[in-house]
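File shown: input.csv. Contents: CSV, N, CA and C atoms.
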```csv
chain,number,residue,atom,x,y,z
G,1,MET,N,89.2,-47.4,-61.9
G,1,MET,CA,88.3,-46.3,-62.1
G,1,MET,C,87.4,-46.2,-60.9
G,2,ASP,N,87.2,-44.9,-60.4
G,2,ASP,CA,86.3,-44.8,-59.2
G,2,ASP,C,84.9,-44.6,-59.6
G,3,GLY,N,84.0,-44.6,-58.6
G,3,GLY,CA,82.6,-44.5,-58.9
G,3,GLY,C,82.1,-43.2,-59.4
G,4,LYS,N,83.0,-42.2,-59.4
G,4,LYS,CA,82.6,-40.9,-59.9
G,4,LYS,C,82.6,-40.7,-61.4
G,5,HIS,N,83.2,-41.6,-62.1
G,5,HIS,CA,83.3,-41.5,-63.5
G,5,HIS,C,82.7,-42.7,-64.2
G,6,MET,N,82.1,-42.4,-65.4
G,6,MET,CA,81.4,-43.4,-66.2
G,6,MET,C,82.0,-43.4,-67.6
G,7,GLN,N,82.1,-44.6,-68.2
G,7,GLN,CA,82.5,-44.6,-69.6
G,7,GLN,C,81.3,-44.3,-70.5
G,8,ILE,N,81.6,-44.1,-71.7
G,8,ILE,CA,80.6,-43.6,-72.7
G,8,ILE,C,79.4,-44.5,-72.8
G,9,GLY,N,79.7,-45.8,-72.7
G,9,GLY,CA,78.6,-46.8,-72.9
G,9,GLY,C,77.5,-46.7,-71.8
G,10,GLU,N,78.0,-46.5,-70.5
G,10,GLU,CA,77.1,-46.3,-69.4
G,10,GLU,C,76.3,-45.0,-69.6
G,11,VAL,N,77.0,-43.9,-70.0
G,11,VAL,CA,76.4,-42.6,-70.2
G,11,VAL,C,75.3,-42.8,-71.3
G,12,ALA,N,75.6,-43.5,-72.4
G,12,ALA,CA,74.7,-43.7,-73.5
G,12,ALA,C,73.4,-44.4,-73.0
G,13,ALA,N,73.6,-45.4,-72.1
G,13,ALA,CA,72.5,-46.2,-71.6
G,13,ALA,C,71.6,-45.3,-70.7
G,14,ARG,N,72.3,-44.5,-69.9
G,14,ARG,CA,71.5,-43.6,-68.9
G,14,ARG,C,70.8,-42.5,-69.6
G,15,THR,N,71.4,-41.9,-70.7
G,15,THR,CA,70.8,-40.8,-71.4
G,15,THR,C,69.9,-41.2,-72.6
G,16,GLU,N,70.0,-42.5,-73.0
G,16,GLU,CA,69.3,-43.0,-74.1
G,16,GLU,C,69.7,-42.3,-75.4
G,17,LEU,N,71.0,-41.9,-75.4
G,17,LEU,CA,71.6,-41.3,-76.6
G,17,LEU,C,72.6,-42.3,-77.2
G,18,SER,N,72.8,-42.3,-78.5
G,18,SER,CA,73.7,-43.3,-79.1
G,18,SER,C,75.2,-42.8,-78.8
G,19,LEU,N,76.1,-43.7,-78.9
G,19,LEU,CA,77.5,-43.4,-78.7
G,19,LEU,C,77.9,-42.3,-79.8
G,20,ARG,N,77.4,-42.5,-81.0
G,20,ARG,CA,77.7,-41.6,-82.1
G,20,ARG,C,77.2,-40.2,-81.7
G,21,THR,N,76.0,-40.1,-81.2
G,21,THR,CA,75.4,-38.8,-80.8
G,21,THR,C,76.2,-38.1,-79.7
G,22,ILE,N,76.6,-38.9,-78.7
G,22,ILE,CA,77.4,-38.3,-77.7
G,22,ILE,C,78.8,-37.8,-78.2
G,23,ARG,N,79.4,-38.6,-79.1
G,23,ARG,CA,80.6,-38.1,-79.7
G,23,ARG,C,80.4,-36.9,-80.5
G,24,HIS,N,79.3,-36.8,-81.2
G,24,HIS,CA,79.0,-35.6,-82.0
G,24,HIS,C,78.9,-34.4,-81.1
G,25,TYR,N,78.2,-34.5,-80.0
G,25,TYR,CA,78.1,-33.4,-79.1
G,25,TYR,C,79.4,-33.0,-78.5
G,26,GLU,N,80.3,-34.0,-78.4
G,26,GLU,CA,81.7,-33.7,-77.9
G,26,GLU,C,82.4,-32.9,-79.0
G,27,GLU,N,82.3,-33.4,-80.3
G,27,GLU,CA,83.0,-32.7,-81.4
G,27,GLU,C,82.5,-31.2,-81.5
G,28,THR,N,81.2,-31.0,-81.2
G,28,THR,CA,80.7,-29.6,-81.4
G,28,THR,C,80.9,-28.8,-80.1
G,29,GLY,N,81.5,-29.4,-79.1
G,29,GLY,CA,81.9,-28.6,-77.9
G,29,GLY,C,80.8,-28.5,-76.9
G,30,LEU,N,79.7,-29.2,-77.1
G,30,LEU,CA,78.5,-29.1,-76.1
G,30,LEU,C,78.8,-29.8,-74.8
G,31,VAL,N,79.5,-31.0,-74.9
G,31,VAL,CA,79.8,-31.8,-73.8
G,31,VAL,C,81.2,-32.3,-74.0
G,32,ILE,N,82.0,-32.0,-73.0
G,32,ILE,CA,83.4,-32.5,-73.1
G,32,ILE,C,83.6,-33.5,-71.9
G,33,PRO,N,84.1,-34.7,-72.2
G,33,PRO,CA,84.3,-35.6,-71.1
G,33,PRO,C,85.2,-35.0,-70.0
G,34,SER,N,84.8,-35.2,-68.8
G,34,SER,CA,85.6,-34.6,-67.7
G,34,SER,C,87.0,-35.2,-67.5
G,35,ALA,N,87.2,-36.4,-68.1
G,35,ALA,CA,88.5,-37.0,-67.9
G,35,ALA,C,88.7,-38.1,-69.0
G,36,ARG,N,89.9,-38.7,-69.0
G,36,ARG,CA,90.2,-39.8,-69.9
G,36,ARG,C,90.8,-40.9,-69.0
G,37,SER,N,90.5,-42.1,-69.3
G,37,SER,CA,91.2,-43.2,-68.6
G,37,SER,C,92.6,-43.3,-69.1
G,38,GLN,N,93.4,-44.1,-68.4
G,38,GLN,CA,94.8,-44.3,-68.8
G,38,GLN,C,94.8,-44.9,-70.2
G,39,GLY,N,93.8,-45.7,-70.6
G,39,GLY,CA,93.7,-46.2,-71.9
G,39,GLY,C,93.1,-45.3,-72.9
G,40,GLY,N,92.8,-44.1,-72.5
G,40,GLY,CA,92.2,-43.1,-73.5
G,40,GLY,C,90.7,-43.1,-73.6
G,41,PHE,N,90.0,-43.9,-72.8
G,41,PHE,CA,88.6,-43.9,-72.9
G,41,PHE,C,88.0,-42.6,-72.2
G,42,ARG,N,86.9,-42.1,-72.9
G,42,ARG,CA,86.2,-40.9,-72.3
G,42,ARG,C,85.6,-41.3,-71.0
G,43,LEU,N,85.7,-40.4,-70.0
G,43,LEU,CA,85.1,-40.6,-68.7
G,43,LEU,C,84.2,-39.4,-68.4
G,44,TYR,N,83.0,-39.7,-68.0
G,44,TYR,CA,82.0,-38.7,-67.7
G,44,TYR,C,81.6,-38.7,-66.2
G,45,THR,N,81.1,-37.5,-65.8
G,45,THR,CA,80.6,-37.3,-64.4
G,45,THR,C,79.1,-37.1,-64.5
G,46,GLU,N,78.5,-37.1,-63.3
G,46,GLU,CA,77.1,-36.8,-63.3
G,46,GLU,C,76.8,-35.4,-63.9
G,47,THR,N,77.7,-34.4,-63.7
G,47,THR,CA,77.5,-33.1,-64.4
G,47,THR,C,77.4,-33.3,-65.9
G,48,ASP,N,78.3,-34.1,-66.4
G,48,ASP,CA,78.3,-34.3,-67.9
G,48,ASP,C,77.0,-35.0,-68.3
G,49,VAL,N,76.5,-35.9,-67.6
G,49,VAL,CA,75.2,-36.6,-67.9
G,49,VAL,C,74.1,-35.5,-67.8
G,50,ALA,N,74.1,-34.7,-66.8
G,50,ALA,CA,73.1,-33.6,-66.7
G,50,ALA,C,73.1,-32.7,-68.0
G,51,ARG,N,74.3,-32.4,-68.4
G,51,ARG,CA,74.4,-31.5,-69.7
G,51,ARG,C,73.8,-32.3,-70.8
G,52,LEU,N,74.1,-33.5,-71.0
G,52,LEU,CA,73.5,-34.3,-72.1
G,52,LEU,C,72.0,-34.4,-72.0
G,53,MET,N,71.5,-34.5,-70.8
G,53,MET,CA,70.0,-34.5,-70.6
G,53,MET,C,69.4,-33.2,-71.0
G,54,VAL,N,70.0,-32.1,-70.7
G,54,VAL,CA,69.5,-30.8,-71.2
G,54,VAL,C,69.5,-30.8,-72.7
G,55,ILE,N,70.5,-31.2,-73.4
G,55,ILE,CA,70.6,-31.3,-74.8
G,55,ILE,C,69.5,-32.2,-75.4
G,56,ARG,N,69.4,-33.4,-74.8
G,56,ARG,CA,68.4,-34.4,-75.2
G,56,ARG,C,67.0,-33.8,-75.1
G,57,ARG,N,66.7,-33.0,-74.1
G,57,ARG,CA,65.4,-32.4,-73.9
G,57,ARG,C,65.2,-31.3,-74.9
G,58,MET,N,66.2,-30.6,-75.3
G,58,MET,CA,66.1,-29.4,-76.2
G,58,MET,C,65.9,-29.9,-77.6
G,59,LYS,N,66.5,-31.0,-78.0
G,59,LYS,CA,66.6,-31.4,-79.4
G,59,LYS,C,65.2,-31.6,-80.0
G,60,PRO,N,64.2,-32.3,-79.4
G,60,PRO,CA,62.9,-32.5,-80.0
G,60,PRO,C,62.1,-31.2,-80.0
G,61,LEU,N,62.5,-30.2,-79.3
G,61,LEU,CA,61.8,-28.9,-79.4
G,61,LEU,C,62.3,-28.0,-80.5
G,62,GLY,N,63.3,-28.5,-81.2
G,62,GLY,CA,63.8,-27.8,-82.4
G,62,GLY,C,64.9,-26.8,-82.1
G,63,PHE,N,65.5,-26.8,-81.0
G,63,PHE,CA,66.6,-25.9,-80.7
G,63,PHE,C,67.8,-26.3,-81.5
G,64,THR,N,68.5,-25.3,-81.9
G,64,THR,CA,69.8,-25.5,-82.7
G,64,THR,C,70.9,-25.8,-81.8
G,65,LEU,N,72.0,-26.3,-82.3
G,65,LEU,CA,73.2,-26.6,-81.5
G,65,LEU,C,73.7,-25.3,-80.9
G,66,GLU,N,73.6,-24.2,-81.7
G,66,GLU,CA,74.1,-22.9,-81.1
G,66,GLU,C,73.2,-22.4,-80.0
G,67,GLN,N,71.9,-22.6,-80.1
G,67,GLN,CA,71.0,-22.3,-79.0
G,67,GLN,C,71.3,-23.2,-77.7
G,68,MET,N,71.6,-24.4,-78.0
G,68,MET,CA,71.9,-25.3,-76.9
G,68,MET,C,73.2,-24.8,-76.2
G,69,ARG,N,74.2,-24.5,-77.0
G,69,ARG,CA,75.4,-23.9,-76.5
G,69,ARG,C,75.2,-22.7,-75.6
G,70,ASP,N,74.3,-21.8,-76.2
G,70,ASP,CA,74.1,-20.5,-75.5
G,70,ASP,C,73.4,-20.7,-74.1
G,71,LEU,N,72.4,-21.6,-74.1
G,71,LEU,CA,71.7,-21.9,-72.8
G,71,LEU,C,72.7,-22.6,-71.8
G,72,LEU,N,73.5,-23.5,-72.3
G,72,LEU,CA,74.4,-24.2,-71.4
G,72,LEU,C,75.4,-23.2,-70.9
G,73,ASP,N,75.9,-22.3,-71.7
G,73,ASP,CA,76.8,-21.2,-71.3
G,73,ASP,C,76.2,-20.4,-70.2
G,74,ALA,N,74.9,-20.0,-70.4
G,74,ALA,CA,74.2,-19.2,-69.4
G,74,ALA,C,74.1,-19.9,-68.1
G,75,THR,N,73.6,-21.2,-68.1
G,75,THR,CA,73.4,-21.9,-66.9
G,75,THR,C,74.7,-22.3,-66.2
G,76,ASP,N,75.8,-22.5,-67.0
G,76,ASP,CA,77.1,-22.8,-66.4
G,76,ASP,C,77.6,-21.6,-65.6
G,77,ARG,N,77.4,-20.4,-66.2
G,77,ARG,CA,77.8,-19.2,-65.5
G,77,ARG,C,77.0,-18.9,-64.3
G,78,LEU,N,75.7,-19.2,-64.4
G,78,LEU,CA,74.9,-19.0,-63.2
G,78,LEU,C,75.2,-20.0,-62.1
G,79,ASP,N,75.6,-21.2,-62.4
G,79,ASP,CA,75.9,-22.3,-61.5
G,79,ASP,C,77.3,-22.3,-61.0
G,80,SER,N,78.2,-21.5,-61.6
G,80,SER,CA,79.6,-21.6,-61.3
G,80,SER,C,80.0,-21.2,-59.9
G,81,GLY,N,79.2,-20.4,-59.3
G,81,GLY,CA,79.6,-20.0,-57.9
G,81,GLY,C,80.5,-18.7,-58.0
G,82,ASP,N,80.8,-18.3,-59.2
G,82,ASP,CA,81.6,-17.1,-59.4
G,82,ASP,C,80.7,-15.9,-59.0
G,83,ALA,N,81.3,-14.8,-58.5
G,83,ALA,CA,80.6,-13.6,-58.2
G,83,ALA,C,80.1,-12.9,-59.5
G,84,LEU,N,78.8,-12.7,-59.6
G,84,LEU,CA,78.3,-12.0,-60.7
G,84,LEU,C,77.7,-10.7,-60.3
G,85,ASP,N,77.9,-9.6,-61.0
G,85,ASP,CA,77.3,-8.4,-60.6
G,85,ASP,C,75.8,-8.5,-61.0
G,86,ALA,N,75.0,-7.7,-60.4
G,86,ALA,CA,73.5,-7.8,-60.6
G,86,ALA,C,73.1,-7.7,-62.0
G,87,ASP,N,73.7,-6.8,-62.8
G,87,ASP,CA,73.3,-6.7,-64.2
G,87,ASP,C,73.7,-8.0,-65.0
G,88,GLU,N,74.9,-8.5,-64.8
G,88,GLU,CA,75.3,-9.7,-65.5
G,88,GLU,C,74.3,-10.9,-65.1
G,89,ARG,N,74.1,-11.0,-63.8
G,89,ARG,CA,73.2,-12.1,-63.3
G,89,ARG,C,71.8,-12.0,-64.0
G,90,GLU,N,71.3,-10.7,-64.0
G,90,GLU,CA,69.9,-10.5,-64.6
G,90,GLU,C,70.0,-10.8,-66.1
G,91,ALA,N,71.0,-10.5,-66.8
G,91,ALA,CA,71.1,-10.8,-68.2
G,91,ALA,C,71.2,-12.3,-68.5
G,92,LEU,N,71.9,-13.0,-67.6
G,92,LEU,CA,71.9,-14.5,-67.7
G,92,LEU,C,70.6,-15.1,-67.5
G,93,LEU,N,69.9,-14.6,-66.4
G,93,LEU,CA,68.6,-15.1,-66.1
G,93,LEU,C,67.6,-14.8,-67.2
G,94,GLU,N,67.7,-13.6,-67.9
G,94,GLU,CA,66.8,-13.3,-69.0
G,94,GLU,C,67.1,-14.2,-70.2
G,95,ARG,N,68.3,-14.6,-70.4
G,95,ARG,CA,68.6,-15.6,-71.5
G,95,ARG,C,67.9,-16.9,-71.2
G,96,VAL,N,68.0,-17.4,-69.9
G,96,VAL,CA,67.3,-18.6,-69.5
G,96,VAL,C,65.8,-18.5,-69.7
G,97,ARG,N,65.2,-17.3,-69.2
G,97,ARG,CA,63.8,-17.1,-69.4
G,97,ARG,C,63.4,-17.1,-70.9
G,98,THR,N,64.2,-16.6,-71.7
G,98,THR,CA,63.9,-16.6,-73.2
G,98,THR,C,63.8,-18.1,-73.6
G,99,TYR,N,64.7,-18.9,-73.2
G,99,TYR,CA,64.6,-20.3,-73.6
G,99,TYR,C,63.4,-21.0,-73.0
G,100,GLU,N,63.1,-20.7,-71.7
G,100,GLU,CA,61.9,-21.3,-71.1
G,100,GLU,C,60.6,-20.9,-71.9
G,101,ARG,N,60.5,-19.6,-72.3
G,101,ARG,CA,59.3,-19.2,-73.1
G,101,ARG,C,59.3,-20.0,-74.4
G,102,ALA,N,60.4,-20.1,-75.1
G,102,ALA,CA,60.5,-20.7,-76.4
G,102,ALA,C,60.1,-22.2,-76.2
G,103,ALA,N,60.6,-22.8,-75.1
G,103,ALA,CA,60.3,-24.3,-74.9
G,103,ALA,C,58.8,-24.4,-74.6
G,104,ALA,N,58.2,-23.5,-73.8
G,104,ALA,CA,56.7,-23.6,-73.6
G,104,ALA,C,55.9,-23.4,-74.9
G,105,GLU,N,56.4,-22.5,-75.7
G,105,GLU,CA,55.7,-22.4,-77.0
G,105,GLU,C,55.7,-23.6,-77.9
G,106,GLN,N,56.9,-24.2,-77.9
G,106,GLN,CA,57.1,-25.5,-78.7
G,106,GLN,C,56.3,-26.6,-78.1
G,107,VAL,N,56.2,-26.7,-76.8
G,107,VAL,CA,55.4,-27.7,-76.1
G,107,VAL,C,54.0,-27.6,-76.5
G,108,GLU,N,53.5,-26.4,-76.5
G,108,GLU,CA,52.1,-26.1,-76.9
G,108,GLU,C,51.8,-26.5,-78.4
G,109,LYS,N,52.8,-26.2,-79.3
G,109,LYS,CA,52.6,-26.6,-80.7
G,109,LYS,C,52.6,-28.1,-80.8
G,110,LEU,N,53.5,-28.8,-80.0
G,110,LEU,CA,53.5,-30.2,-80.0
G,110,LEU,C,52.2,-30.8,-79.5
G,111,ARG,N,51.6,-30.2,-78.5
G,111,ARG,CA,50.3,-30.7,-78.0
G,111,ARG,C,49.2,-30.6,-79.1
G,112,VAL,N,49.2,-29.5,-79.8
G,112,VAL,CA,48.3,-29.4,-80.9
G,112,VAL,C,48.5,-30.5,-82.0
G,113,GLN,N,49.8,-30.7,-82.3
G,113,GLN,CA,50.1,-31.7,-83.3
G,113,GLN,C,49.7,-33.1,-82.8
G,114,LEU,N,50.0,-33.4,-81.5
G,114,LEU,CA,49.6,-34.7,-80.9
G,114,LEU,C,48.1,-34.9,-81.0
G,115,ALA,N,47.3,-33.8,-80.6
G,115,ALA,CA,45.9,-34.0,-80.6
G,115,ALA,C,45.4,-34.3,-82.1
G,116,ARG,N,46.0,-33.6,-83.0
G,116,ARG,CA,45.6,-33.9,-84.4
G,116,ARG,C,45.9,-35.3,-84.8
G,117,ALA,N,47.1,-35.7,-84.4
G,117,ALA,CA,47.5,-37.1,-84.7
G,117,ALA,C,46.6,-38.1,-84.1
G,118,GLU,N,46.2,-37.9,-82.8
G,118,GLU,CA,45.3,-38.8,-82.2
G,118,GLU,C,44.0,-38.8,-82.8
G,119,ASP,N,43.5,-37.7,-83.3
G,119,ASP,CA,42.2,-37.6,-84.0
G,119,ASP,C,42.3,-38.4,-85.3
G,120,PHE,N,43.4,-38.3,-86.0
G,120,PHE,CA,43.6,-39.0,-87.2
G,120,PHE,C,43.6,-40.5,-87.0
G,121,ALA,N,44.4,-40.9,-86.0
G,121,ALA,CA,44.4,-42.4,-85.7
G,121,ALA,C,43.1,-42.9,-85.3
G,122,ALA,N,42.3,-42.1,-84.5
G,122,ALA,CA,41.0,-42.6,-84.1
G,122,ALA,C,40.1,-42.6,-85.3
G,123,ALA,N,40.2,-41.7,-86.3
G,123,ALA,CA,39.3,-41.7,-87.5
G,123,ALA,C,39.7,-43.0,-88.3
G,124,LEU,N,40.9,-43.3,-88.4
G,124,LEU,CA,41.3,-44.5,-89.2
G,124,LEU,C,40.8,-45.7,-88.5
G,125,GLY,N,40.9,-45.8,-87.2
G,125,GLY,CA,40.4,-46.9,-86.4
G,125,GLY,C,38.9,-47.1,-86.6
G,126,ALA,N,38.1,-46.0,-86.6
G,126,ALA,CA,36.7,-46.0,-86.8
G,126,ALA,C,36.4,-46.5,-88.2
G,127,ARG,N,37.1,-46.0,-89.2
G,127,ARG,CA,36.9,-46.5,-90.6
G,127,ARG,C,37.1,-48.0,-90.7
G,128,LEU,N,38.2,-48.5,-90.1
G,128,LEU,CA,38.4,-49.9,-90.2
G,128,LEU,C,37.3,-50.7,-89.5
G,129,GLU,N,36.9,-50.2,-88.4
G,129,GLU,CA,35.8,-50.9,-87.6
G,129,GLU,C,34.5,-50.9,-88.5
G,130,GLN,N,34.2,-49.9,-89.2
G,130,GLN,CA,33.0,-49.8,-90.0
G,130,GLN,C,33.1,-50.8,-91.2
G,131,ASN,N,34.3,-51.1,-91.6
G,131,ASN,CA,34.5,-51.9,-92.8
G,131,ASN,C,35.0,-53.3,-92.5
G,132,THR,N,35.0,-53.7,-91.3
G,132,THR,CA,35.3,-55.0,-90.9
G,132,THR,C,34.1,-55.9,-91.0
G,133,PRO,N,34.2,-57.1,-91.6
G,133,PRO,CA,33.1,-58.0,-91.8
G,133,PRO,C,32.3,-58.3,-90.5
G,134,ALA,N,33.0,-58.4,-89.4
G,134,ALA,CA,32.4,-58.7,-88.1
G,134,ALA,C,31.5,-57.6,-87.7
G,135,ALA,N,31.9,-56.3,-88.1
G,135,ALA,CA,31.1,-55.2,-87.7
G,135,ALA,C,29.8,-55.1,-88.5
G,136,ARG,N,29.7,-55.7,-89.7
G,136,ARG,CA,28.5,-55.6,-90.5
G,136,ARG,C,27.5,-56.7,-90.2
G,137,ALA,N,27.9,-57.7,-89.5
G,137,ALA,CA,27.0,-58.8,-89.2
G,137,ALA,C,26.0,-58.5,-88.2
```
Could you render the structure from this file as structure tokens?
Amino acid sequence: MDGKHMQIGEVAARTELSLRTIRHYEETGLVIPSARSQGGFRLYTETDVARLMVIRRMKPLGFTLEQMRDLLDATDRLDSGDALDADEREALLERVRTYERAAAEQVEKLRVQLARAEDFAAALGARLEQNTPAARA
């Protein structure tokens, strides 16, 4: 095996995704291994790892598998090197912009949730501190 291909275990370690999750993304058509070894093992490239990282970043923001597929399709077509007419290129860019805006909105919502969670944790800590025997002495 040359240095250009990785087995699924290495990809899992690099992406911090489970083997099961990677296989699921393969089954749904989001990421297809670039090759198979003579023994039938899945082999991945850096491009495959990059696709998995896009998916990994989209998942906590609440994007569906179909949305992930749509974004990957748009970016694949933009990155393909194929000649695109101006209208098609702009339509693809607008699809990517739509996902960028949706991601920014989700990030803001998560910031608000995180601030509330931190406030809650701090309030619990303050309550415990008030009720600890050492604090009353």
Which residue gives the smallest distance to G:Arg42 among G:Leu61, G:Leu114, G:Ala134, G:Ile8, with all atoms listed in the file counted?
->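 Looking at the shortest contact to G:Arg42, the residue is G:Ile8.
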Best match for closeness to G:Met68 among G:Ala35, G:Leu124, G:Leu110, G:Ile55, counting only C-alpha atoms =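 Comparing G:Ala35, G:Leu124, G:Leu110, G:Ile55 against G:Met68, the winner is G:Ile55.
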Just list as a short mmCIF file (atom, residue, chain, number, x, y, z; two decimals) with N, CA and C atoms, in the frame of the given file whatever in stretch 51-96 of chain G DSSP marks as helix (DSSP H, G or I).
```
data_model
loop_
_atom_site.label_atom_id
_atom_site.label_comp_id
_atom_site.auth_asym_id
_atom_site.auth_seq_id
_atom_site.Cartn_x
_atom_site.Cartn_y
_atom_site.Cartn_z
N ARG G 51 74.30 -32.40 -68.40
CA ARG G 51 74.40 -31.50 -69.70
C ARG G 51 73.80 -32.30 -70.80
N LEU G 52 74.10 -33.50 -71.00
CA LEU G 52 73.50 -34.30 -72.10
C LEU G 52 72.00 -34.40 -72.00
N MET G 53 71.50 -34.50 -70.80
CA MET G 53 70.00 -34.50 -70.60
C MET G 53 69.40 -33.20 -71.00
N VAL G 54 70.00 -32.10 -70.70
CA VAL G 54 69.50 -30.80 -71.20
C VAL G 54 69.50 -30.80 -72.70
N ILE G 55 70.50 -31.20 -73.40
CA ILE G 55 70.60 -31.30 -74.80
C ILE G 55 69.50 -32.20 -75.40
N ARG G 56 69.40 -33.40 -74.80
CA ARG G 56 68.40 -34.40 -75.20
C ARG G 56 67.00 -33.80 -75.10
N ARG G 57 66.70 -33.00 -74.10
CA ARG G 57 65.40 -32.40 -73.90
C ARG G 57 65.20 -31.30 -74.90
N MET G 58 66.20 -30.60 -75.30
CA MET G 58 66.10 -29.40 -76.20
C MET G 58 65.90 -29.90 -77.60
N LYS G 59 66.50 -31.00 -78.00
CA LYS G 59 66.60 -31.40 -79.40
C LYS G 59 65.20 -31.60 -80.00
N PRO G 60 64.20 -32.30 -79.40
CA PRO G 60 62.90 -32.50 -80.00
C PRO G 60 62.10 -31.20 -80.00
N LEU G 61 62.50 -30.20 -79.30
CA LEU G 61 61.80 -28.90 -79.40
C LEU G 61 62.30 -28.00 -80.50
N LEU G 65 72.00 -26.30 -82.30
CA LEU G 65 73.20 -26.60 -81.50
C LEU G 65 73.70 -25.30 -80.90
N GLU G 66 73.60 -24.20 -81.70
CA GLU G 66 74.10 -22.90 -81.10
C GLU G 66 73.20 -22.40 -80.00
N GLN G 67 71.90 -22.60 -80.10
CA GLN G 67 71.00 -22.30 -79.00
C GLN G 67 71.30 -23.20 -77.70
N MET G 68 71.60 -24.40 -78.00
CA MET G 68 71.90 -25.30 -76.90
C MET G 68 73.20 -24.80 -76.20
N ARG G 69 74.20 -24.50 -77.00
CA ARG G 69 75.40 -23.90 -76.50
C ARG G 69 75.20 -22.70 -75.60
N ASP G 70 74.30 -21.80 -76.20
CA ASP G 70 74.10 -20.50 -75.50
C ASP G 70 73.40 -20.70 -74.10
N LEU G 71 72.40 -21.60 -74.10
CA LEU G 71 71.70 -21.90 -72.80
C LEU G 71 72.70 -22.60 -71.80
N LEU G 72 73.50 -23.50 -72.30
CA LEU G 72 74.40 -24.20 -71.40
C LEU G 72 75.40 -23.20 -70.90
N ASP G 73 75.90 -22.30 -71.70
CA ASP G 73 76.80 -21.20 -71.30
C ASP G 73 76.20 -20.40 -70.20
N ALA G 74 74.90 -20.00 -70.40
CA ALA G 74 74.20 -19.20 -69.40
C ALA G 74 74.10 -19.90 -68.10
N THR G 75 73.60 -21.20 -68.10
CA THR G 75 73.40 -21.90 -66.90
C THR G 75 74.70 -22.30 -66.20
N ASP G 76 75.80 -22.50 -67.00
CA ASP G 76 77.10 -22.80 -66.40
C ASP G 76 77.60 -21.60 -65.60
N ARG G 77 77.40 -20.40 -66.20
CA ARG G 77 77.80 -19.20 -65.50
C ARG G 77 77.00 -18.90 -64.30
N LEU G 78 75.70 -19.20 -64.40
CA LEU G 78 74.90 -19.00 -63.20
C LEU G 78 75.20 -20.00 -62.10
N ASP G 79 75.60 -21.20 -62.40
CA ASP G 79 75.90 -22.30 -61.50
C ASP G 79 77.30 -22.30 -61.00
N ALA G 86 75.00 -7.70 -60.40
CA ALA G 86 73.50 -7.80 -60.60
C ALA G 86 73.10 -7.70 -62.00
N ASP G 87 73.70 -6.80 -62.80
CA ASP G 87 73.30 -6.70 -64.20
C ASP G 87 73.70 -8.00 -65.00
N GLU G 88 74.90 -8.50 -64.80
CA GLU G 88 75.30 -9.70 -65.50
C GLU G 88 74.30 -10.90 -65.10
N ARG G 89 74.10 -11.00 -63.80
CA ARG G 89 73.20 -12.10 -63.30
C ARG G 89 71.80 -12.00 -64.00
N GLU G 90 71.30 -10.70 -64.00
CA GLU G 90 69.90 -10.50 -64.60
C GLU G 90 70.00 -10.80 -66.10
N ALA G 91 71.00 -10.50 -66.80
CA ALA G 91 71.10 -10.80 -68.20
C ALA G 91 71.20 -12.30 -68.50
N LEU G 92 71.90 -13.00 -67.60
CA LEU G 92 71.90 -14.50 -67.70
C LEU G 92 70.60 -15.10 -67.50
N LEU G 93 69.90 -14.60 -66.40
CA LEU G 93 68.60 -15.10 -66.10
C LEU G 93 67.60 -14.80 -67.20
N GLU G 94 67.70 -13.60 -67.90
CA GLU G 94 66.80 -13.30 -69.00
C GLU G 94 67.10 -14.20 -70.20
N ARG G 95 68.30 -14.60 -70.40
CA ARG G 95 68.60 -15.60 -71.50
C ARG G 95 67.90 -16.90 -71.20
N VAL G 96 68.00 -17.40 -69.90
CA VAL G 96 67.30 -18.60 -69.50
C VAL G 96 65.80 -18.50 -69.70
#
```
Compile the contact shell of stretch 10-22 of chain G as a PDB file with N, CA and C atoms, in the coordinates of the input: residues with an atom at most 9 Å away, counting only C-alpha atoms, same-chain residues fewer than 6 positions apart removed.
```pdb
ATOM      1  N   VAL G  31      79.500 -31.000 -74.900  1.00  0.00           N
ATOM      2  CA  VAL G  31      79.800 -31.800 -73.800  1.00  0.00           C
ATOM      3  C   VAL G  31      81.200 -32.300 -74.000  1.00  0.00           C
ATOM      4  N   TYR G  44      83.000 -39.700 -68.000  1.00  0.00           N
ATOM      5  CA  TYR G  44      82.000 -38.700 -67.700  1.00  0.00           C
ATOM      6  C   TYR G  44      81.600 -38.700 -66.200  1.00  0.00           C
ATOM      7  N   THR G  45      81.100 -37.500 -65.800  1.00  0.00           N
ATOM      8  CA  THR G  45      80.600 -37.300 -64.400  1.00  0.00           C
ATOM      9  C   THR G  45      79.100 -37.100 -64.500  1.00  0.00           C
ATOM     10  N   ASP G  48      78.300 -34.100 -66.400  1.00  0.00           N
ATOM     11  CA  ASP G  48      78.300 -34.300 -67.900  1.00  0.00           C
ATOM     12  C   ASP G  48      77.000 -35.000 -68.300  1.00  0.00           C
ATOM     13  N   VAL G  49      76.500 -35.900 -67.600  1.00  0.00           N
ATOM     14  CA  VAL G  49      75.200 -36.600 -67.900  1.00  0.00           C
ATOM     15  C   VAL G  49      74.100 -35.500 -67.800  1.00  0.00           C
ATOM     16  N   ALA G  50      74.100 -34.700 -66.800  1.00  0.00           N
ATOM     17  CA  ALA G  50      73.100 -33.600 -66.700  1.00  0.00           C
ATOM     18  C   ALA G  50      73.100 -32.700 -68.000  1.00  0.00           C
ATOM     19  N   LEU G  52      74.100 -33.500 -71.000  1.00  0.00           N
ATOM     20  CA  LEU G  52      73.500 -34.300 -72.100  1.00  0.00           C
ATOM     21  C   LEU G  52      72.000 -34.400 -72.000  1.00  0.00           C
ATOM     22  N   MET G  53      71.500 -34.500 -70.800  1.00  0.00           N
ATOM     23  CA  MET G  53      70.000 -34.500 -70.600  1.00  0.00           C
ATOM     24  C   MET G  53      69.400 -33.200 -71.000  1.00  0.00           C
ATOM     25  N   ARG G  56      69.400 -33.400 -74.800  1.00  0.00           N
ATOM     26  CA  ARG G  56      68.400 -34.400 -75.200  1.00  0.00           C
ATOM     27  C   ARG G  56      67.000 -33.800 -75.100  1.00  0.00           C
TER      28      ARG G  56
END
```
So what do you get for atom N of G:Gly29 versus atom C of G:Asp87, distance-wise?
-> 26.8 Å
